[in-house]
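I have placed the structure first, in the form of structure tokens, so that the comments after it can refer back to it.
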Amino acid sequence: MANYINGDEVRITKVGTCLVDVEFYSGERFEGLEPRRLFPLSGLRNYITLLDSDLKEKAVIRDLDRLMPDSKKAIEDCLEEYYLIPRITAVLNIVEKFGVLKWTIMTDRGERTIRIKNRHSDIKTLYDGRILVRDANDNRYEIPDVSALDKHSQKLLSYEL
Amino acid sequence: METHNFLKNRELPEAIEKKLLEALGKDEKLLFAIVADLTPEATYGDSVIAFCEKRFFVCSDEALREYVYDGIEDCFVKRMYGNARLVFLRDGKKNEILSFTYSVASLCDMAALFIKNVALGEPFSEQLEIVEATYDKLNLVCPKCGRTLIRQGAECIHCQSKSKIAAKLMKYVTPQWKRLLVCLILSIITTAVALFPPYATKTIVDTVIPNRDLKGLATLVLTLFLCYLVQHVISALRGYLLRISGDRIVMELRNDVYEKAQHLPMRFYDKTSTGSVINRISGDSNTIQAFILKITQEVVVQFFMLIGIIVIMFAMDWRLTLLSLIPVPLVVVGAKIFSRKIAPFYKKIWRRWASVSGILTDTIPCIRIVKSFAGEDRAVDRFKKHNAEWYKVDTASARITTVFPCIIGFAVTCGSLLIWAIGGRWAITTNEEMLSLGLLVSFISYTSMFYTPVNFFAYLSDSYQGALAAIERILDIIDAEPEVNLPDAKKVTHLDGRIEFKNVNFSFDKTKKTLNNINLTIEPGDIVGIVGTTGSGKSTLINLLMRFYDNYDGEILVDGTDIKNLDLESYRACIGYVQQEPIMFSDTIFNNIAYGVPNAHVEQVIHAAETSNAHEFIARQPDGYDSMLGERGVGLSGGEKQRLSIARALLKNPSILIFDEATASVDSETENLIQEAIERLISGRTTLMIAHRLSTLKKANKIVVVDQGKIIEFGSHEELMALKGKYYTLIEIQSLAEKTNRARIEAGV
Ligand SMILES: Nc1ncnc2c1ncn2[C@@H]1O[C@H](COP(=O)(O)OP(=O)(O)OP(=O)(O)O)[C@@H](O)[C@H]1O
Ligand SMILES: [Mg+2]
């Protein structure tokens, strides 16, 4: 059964890129665990699994926000390193040539031009209104809220969604 | 300064290149470099990893670091989510030296392998060759669209086509051109005839009635009668002809899409739902047919109509004509706004519809599962929800499609009021010469006729857009890269069965590496057992050998020839493949066995069934070999299906036999039967057997152990047992389990 972590019964310290040590107050201790989301799309702050170097699960954090501040920060930093899903803040240009979409986008990581092979399978609208985009190299991008984008971006997107 | 030629994926940023060159020793040369796309802070930015013979550099705008190969114990790419790191191990310590997105991940895979192998002392020039091959492949992209080409100089299937949608469609129109031409002529006749009645009205009102000319009246009525007769007879004839050509077009289109769909690679089906493919074959081809007819017929007809009416109207009265032209700009502008508003809807509606039909194709074939989990209500709910989504979008678009034309239509009708008002005024207040009553009446008729073609052309771009969405989806299939057969591919009728995997790397998508540097040689006549935990990549290995996926790195050779150079059909015909899930068609048992060899003799089929121990149970069926199977083999047990699929593979008399868990879902007695069958089969052929139950592999003379996409052990049973590695533990676990089982049974007795 999953070893659930509810709240303040552990201390978690970051020890490397995407690596944490986990110390339960009961005395149990794990070193070099890798936090990963069990629900990378639908649950960003819930159910974080902690895997050892053989990818065996050692514990699952139920809710990030119930951890102690330091532990929470450690996990957040690791997740930040592990998951690179640039948020699209503006769509600058969309051209379609020979069936390939070329989007020039501004993201929170900088500007980039991406190629999208198939608008039907690579652009997905989730139920909460977020839009996920996958480029030709299987990189992921996210638009958290289309209506928060500027007019120009919205107009460009309206043809694709 | 001397020029520096080295392999690279794109031009290095100038500052970085300068820094690198300065760091080089006197006789040092850069061999290759990779421009990666993430800074250490995980924002987009260039950093470069560059390789020399003795050391390599990682250079970004801020810093230049150098590393030597010596002492590196391991080097690999750590894939995270959306980004990855190049990591090497020295003195047991991990060093992360480079961050990048998946865009350069496969290049960095190669770099990692290079670093590792050079550090381990593999011959340097050999390693460099692998690197060169990888860069060569990198350049195998279409210069126009950036898609990967199959080989050097190949024509990009996408670029040569999608740019010429019209040309593509003409392929379906040209065979019909005679019929379509006749239709066109017929419709021009009807159009011309349709122009006459208003003129007749004028004559009746202006001359016949005032002059009480009964004879003239009779002539006119008769002429009108003939007009109407011609009009309707011709349009019936034309409708029939059009229907024929339209059906032909849609039939050809459907055939092509279906044929194409058969030849699409597995890669396509991994990503596209079968529902959307079915939708395209059944629905979109109809949309396109309607559009083709519209373009080839209506456009010409409406154009003639427009010209004809304008000429007549001007001839009758130029002032009224100008008056009636007033609403035209309104129509044009209105239509522009309309098509801008409606354009996004076409794709939206289709997407919603695709998800509705996706549920159909998902749940209806799996109705057993739905029922067994009492999921009917949930299925209905889900269906309703998606259907409601579709409804929402469709009705939203309906508001536009119905309201807009209404407003425009209203404005146009008001335009004719203008003619009544002003023309009527002229008719009342001025004398006959200025404007006769008949002229006014017939003019009004022409005006209303005039707006049919105007509307048509105004909304043409809109219907074009709707059709374009459908065309795009069809071309998605028609233009998708099919499984490739090189033009000079070698046809084979027989294989000796020597199989070699050379440095094969494969991933279904770039997020995860499924097969990692596979090297394997299988001699003719070998019986090779493939074992490993679930998900380790055994079936994938077979998928590559079957050429279901072509986008792997490295080479797979059969009898010394790269399988990519073999004629696909003839190659696959030489391989008997019994899949992990036995799949049957809804056809008779006989036809299911004879699927690979449609013209097989009855006795051959029976023989195949006998050899695979299927004959007995078939004979027990009331309908014997004629038993009709339900969809996907409903009506047979799992083991029975498995035996049929073995018979099917056997009938091909293949040179290479592949069993993927052929005895997975049967009891041990049936397993023994199947085992016997297999043993009868495999003499003299190269055989690959994937098995979880290791007892199945008694006959195997070689065992391959696959673990997490790598081959970790390879050798005979005895060798691997002596190795005391993974295979040894697997055997131990299984025999232990068997022993306890037996003990339990004995204790129970
Ligand atoms: N079409 C696919 N797209 C993406 N990933 C896939 C696909 N098919 C298989 N995989 C993944 O590739 C890995 C290897 O799968 P494979 O089917 O080769 O395993 P296997 O060794 O045959 O397992 P089993 O013994 O259960 O049949 C698995 O992790 C699986 O999730
Ligand atoms: Mg398998």
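Ordering of the structure tokens sets the chain letters (A, B, ...), residue numbers begin anew at 1 in every chain, and ligands are numbered from 1 in the order given.
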
Report as a PDB file with C-alpha atoms, in the first residue's frame all protein, DNA and RNA residues lying within 10 Å of A:Ser71, evaluated on only C-alpha atoms, omitting residues in the same chain fewer than 6 positions from it.
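Generated file (around-v7.pdb):
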ATOM      1  CA  GLY A   7       1.329  16.718   6.594  1.00  0.00           C
ATOM      2  CA  ASP A   8       3.905  17.534   9.178  1.00  0.00           C
ATOM      3  CA  VAL A  10       8.183  14.377   7.783  1.00  0.00           C
ATOM      4  CA  ARG A  11      11.089  16.637   7.110  1.00  0.00           C
ATOM      5  CA  ILE A  12      12.151  16.863   3.509  1.00  0.00           C
ATOM      6  CA  THR A  13      15.424  18.386   2.415  1.00  0.00           C
ATOM      7  CA  LYS A  14      16.654  18.968  -1.082  1.00  0.00           C
ATOM      8  CA  VAL A  20      15.346  14.964  -1.740  1.00  0.00           C
ATOM      9  CA  ASP A  21      16.041  13.184   1.519  1.00  0.00           C
ATOM     10  CA  VAL A  22      12.951  12.287   3.495  1.00  0.00           C
ATOM     11  CA  LEU A  64       1.802  19.744  -1.012  1.00  0.00           C
ATOM     12  CA  ASP A  65       0.239  22.592   0.900  1.00  0.00           C
ATOM     13  CA  ASP A  77      11.921  23.351  -6.225  1.00  0.00           C
TER      14      ASP A  77
END

Legend entry - At most 12 Å from ligand 2 (only C-alpha atoms and all ligand atoms): residue list as a ChimeraX atom specification: /B:530-543,578-581,659-662,664,689-692,706

May I have the selected residues written with N, CA, C and O atoms, as a compact mmCIF listing (two decimals), in the first residue's frame?
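Output file result00.txt is given in full below:
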# COMPACT_ATOMS: atom_id res chain seq x y z
N ILE B 530 13.00 -15.00 -25.72
CA ILE B 530 13.18 -13.63 -25.25
C ILE B 530 12.42 -13.51 -23.94
O ILE B 530 11.20 -13.73 -23.90
N VAL B 531 13.12 -13.19 -22.89
CA VAL B 531 12.44 -13.06 -21.61
C VAL B 531 12.73 -11.68 -21.02
O VAL B 531 13.62 -10.96 -21.45
N GLY B 532 11.94 -11.33 -20.04
CA GLY B 532 12.12 -10.04 -19.39
C GLY B 532 10.82 -9.63 -18.73
O GLY B 532 9.77 -10.18 -19.05
N THR B 533 10.92 -8.70 -17.82
CA THR B 533 9.72 -8.26 -17.11
C THR B 533 8.75 -7.59 -18.09
O THR B 533 9.14 -7.20 -19.18
N THR B 534 7.50 -7.45 -17.68
CA THR B 534 6.54 -6.79 -18.58
C THR B 534 6.97 -5.35 -18.79
O THR B 534 7.50 -4.70 -17.89
N GLY B 535 6.74 -4.92 -20.00
CA GLY B 535 7.08 -3.53 -20.33
C GLY B 535 8.56 -3.32 -20.58
O GLY B 535 9.01 -2.20 -20.71
N SER B 536 9.32 -4.41 -20.68
CA SER B 536 10.75 -4.22 -20.86
C SER B 536 11.11 -3.95 -22.31
O SER B 536 12.20 -3.48 -22.60
N GLY B 537 10.19 -4.25 -23.23
CA GLY B 537 10.47 -3.91 -24.62
C GLY B 537 10.57 -5.11 -25.54
O GLY B 537 11.04 -5.00 -26.67
N LYS B 538 10.06 -6.25 -25.08
CA LYS B 538 10.16 -7.45 -25.91
C LYS B 538 9.31 -7.33 -27.17
O LYS B 538 9.80 -7.54 -28.28
N SER B 539 8.04 -6.97 -26.98
CA SER B 539 7.17 -6.85 -28.16
C SER B 539 7.67 -5.74 -29.08
O SER B 539 7.54 -5.83 -30.30
N THR B 540 8.23 -4.70 -28.48
CA THR B 540 8.74 -3.60 -29.30
C THR B 540 9.86 -4.08 -30.22
O THR B 540 9.94 -3.69 -31.38
N LEU B 541 10.71 -4.92 -29.67
CA LEU B 541 11.79 -5.51 -30.46
C LEU B 541 11.22 -6.20 -31.70
O LEU B 541 11.71 -6.03 -32.82
N ILE B 542 10.16 -6.96 -31.49
CA ILE B 542 9.51 -7.65 -32.60
C ILE B 542 8.86 -6.65 -33.55
O ILE B 542 8.94 -6.79 -34.77
N ASN B 543 8.22 -5.62 -32.98
CA ASN B 543 7.60 -4.59 -33.81
C ASN B 543 8.61 -4.00 -34.80
O ASN B 543 8.28 -3.74 -35.95
N VAL B 578 2.84 -14.64 -34.54
CA VAL B 578 1.68 -14.91 -33.70
C VAL B 578 1.68 -13.87 -32.61
O VAL B 578 2.56 -13.83 -31.76
N GLN B 579 0.68 -13.00 -32.66
CA GLN B 579 0.69 -11.84 -31.79
C GLN B 579 0.30 -12.18 -30.36
O GLN B 579 -0.29 -13.21 -30.08
N GLN B 580 0.63 -11.21 -29.51
CA GLN B 580 0.31 -11.37 -28.10
C GLN B 580 -1.21 -11.48 -27.91
O GLN B 580 -1.68 -12.33 -27.17
N GLU B 581 -1.97 -10.62 -28.58
CA GLU B 581 -3.42 -10.74 -28.52
C GLU B 581 -3.87 -11.33 -29.85
O GLU B 581 -3.74 -10.69 -30.87
N PHE B 659 6.74 -15.93 -31.98
CA PHE B 659 5.62 -16.14 -31.07
C PHE B 659 5.73 -15.13 -29.95
O PHE B 659 6.70 -15.12 -29.21
N ASP B 660 4.73 -14.28 -29.84
CA ASP B 660 4.72 -13.34 -28.73
C ASP B 660 3.72 -13.86 -27.71
O ASP B 660 2.52 -13.71 -27.88
N GLU B 661 4.21 -14.55 -26.71
CA GLU B 661 3.34 -15.06 -25.66
C GLU B 661 2.22 -15.92 -26.23
O GLU B 661 1.05 -15.70 -25.94
N ALA B 662 2.62 -16.91 -27.05
CA ALA B 662 1.59 -17.67 -27.75
C ALA B 662 0.79 -18.54 -26.79
O ALA B 662 -0.30 -18.98 -27.11
N ALA B 664 0.01 -17.66 -23.55
CA ALA B 664 -0.19 -16.87 -22.33
C ALA B 664 -1.51 -17.21 -21.63
O ALA B 664 -1.57 -17.34 -20.43
N MET B 689 10.81 -16.61 -29.65
CA MET B 689 9.68 -16.87 -28.76
C MET B 689 9.77 -15.97 -27.55
O MET B 689 10.76 -16.00 -26.82
N ILE B 690 8.73 -15.17 -27.37
CA ILE B 690 8.66 -14.38 -26.15
C ILE B 690 7.84 -15.19 -25.16
O ILE B 690 6.79 -15.72 -25.52
N ALA B 691 8.32 -15.31 -23.93
CA ALA B 691 7.55 -16.08 -22.97
C ALA B 691 7.80 -15.58 -21.57
O ALA B 691 8.90 -15.17 -21.23
N HIS B 692 6.73 -15.58 -20.81
CA HIS B 692 6.90 -15.32 -19.38
C HIS B 692 7.14 -16.62 -18.63
O HIS B 692 7.96 -16.70 -17.75
N VAL B 706 15.84 -9.21 -21.69
CA VAL B 706 15.65 -7.78 -21.93
C VAL B 706 15.23 -7.14 -20.62
O VAL B 706 14.39 -7.69 -19.89

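The residues of chain B lying at most 6 Å from chain A, with only C-alpha atoms taken into account, are Thr43, Tyr44, Met80, Tyr81, Gly82, Asn83, Tyr102, Ser103, Cys159, Lys162, Pro344 and Lys510 of chain B.
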
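Straight-line separation from atom CA of B:Thr207 to atom CA of B:Gly423: 19.1 Å.
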
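Of the residues under consideration (B:His601, B:Lys641, B:Arg212, B:Arg267), B:Arg267 shows the shortest atom-to-atom contact distance to ligand 1 when counting only C-alpha atoms and all ligand atoms.
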
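Atom CA of A:Leu126 sits 20.0 Å away from atom CA of A:Ile105.
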
Inset, instruction - Report the residues of stretch 93-304 of chain B whose backbone DSSP state falls under helix (DSSP H, G or I), written as a VMD selection string. - result: chain B and resid 102 to 119 124 to 138 162 to 194 196 to 208 214 to 262 266 to 271 274 to 304

Legend entry - A:Ser53 surroundings by only C-alpha atoms, 8 Å radius, close-in-sequence under 3 positions cut, as a list in words: Gly32, Leu33, Glu34 and Lys56 of chain A

Inset, instruction - From a DSSP pass on the backbone, collect the residues of stretch 13-59 of chain B flagged as strand (DSSP E) and hand them back as a list in words. - result: Phe32, Ala33, Ile34, Val35, Ala36, Asp37, Leu38, Tyr44, Gly45, Asp46, Ser47, Val48, Ile49, Ala50, Phe51, Arg55, Phe56, Phe57, Val58 and Cys59 of chain B
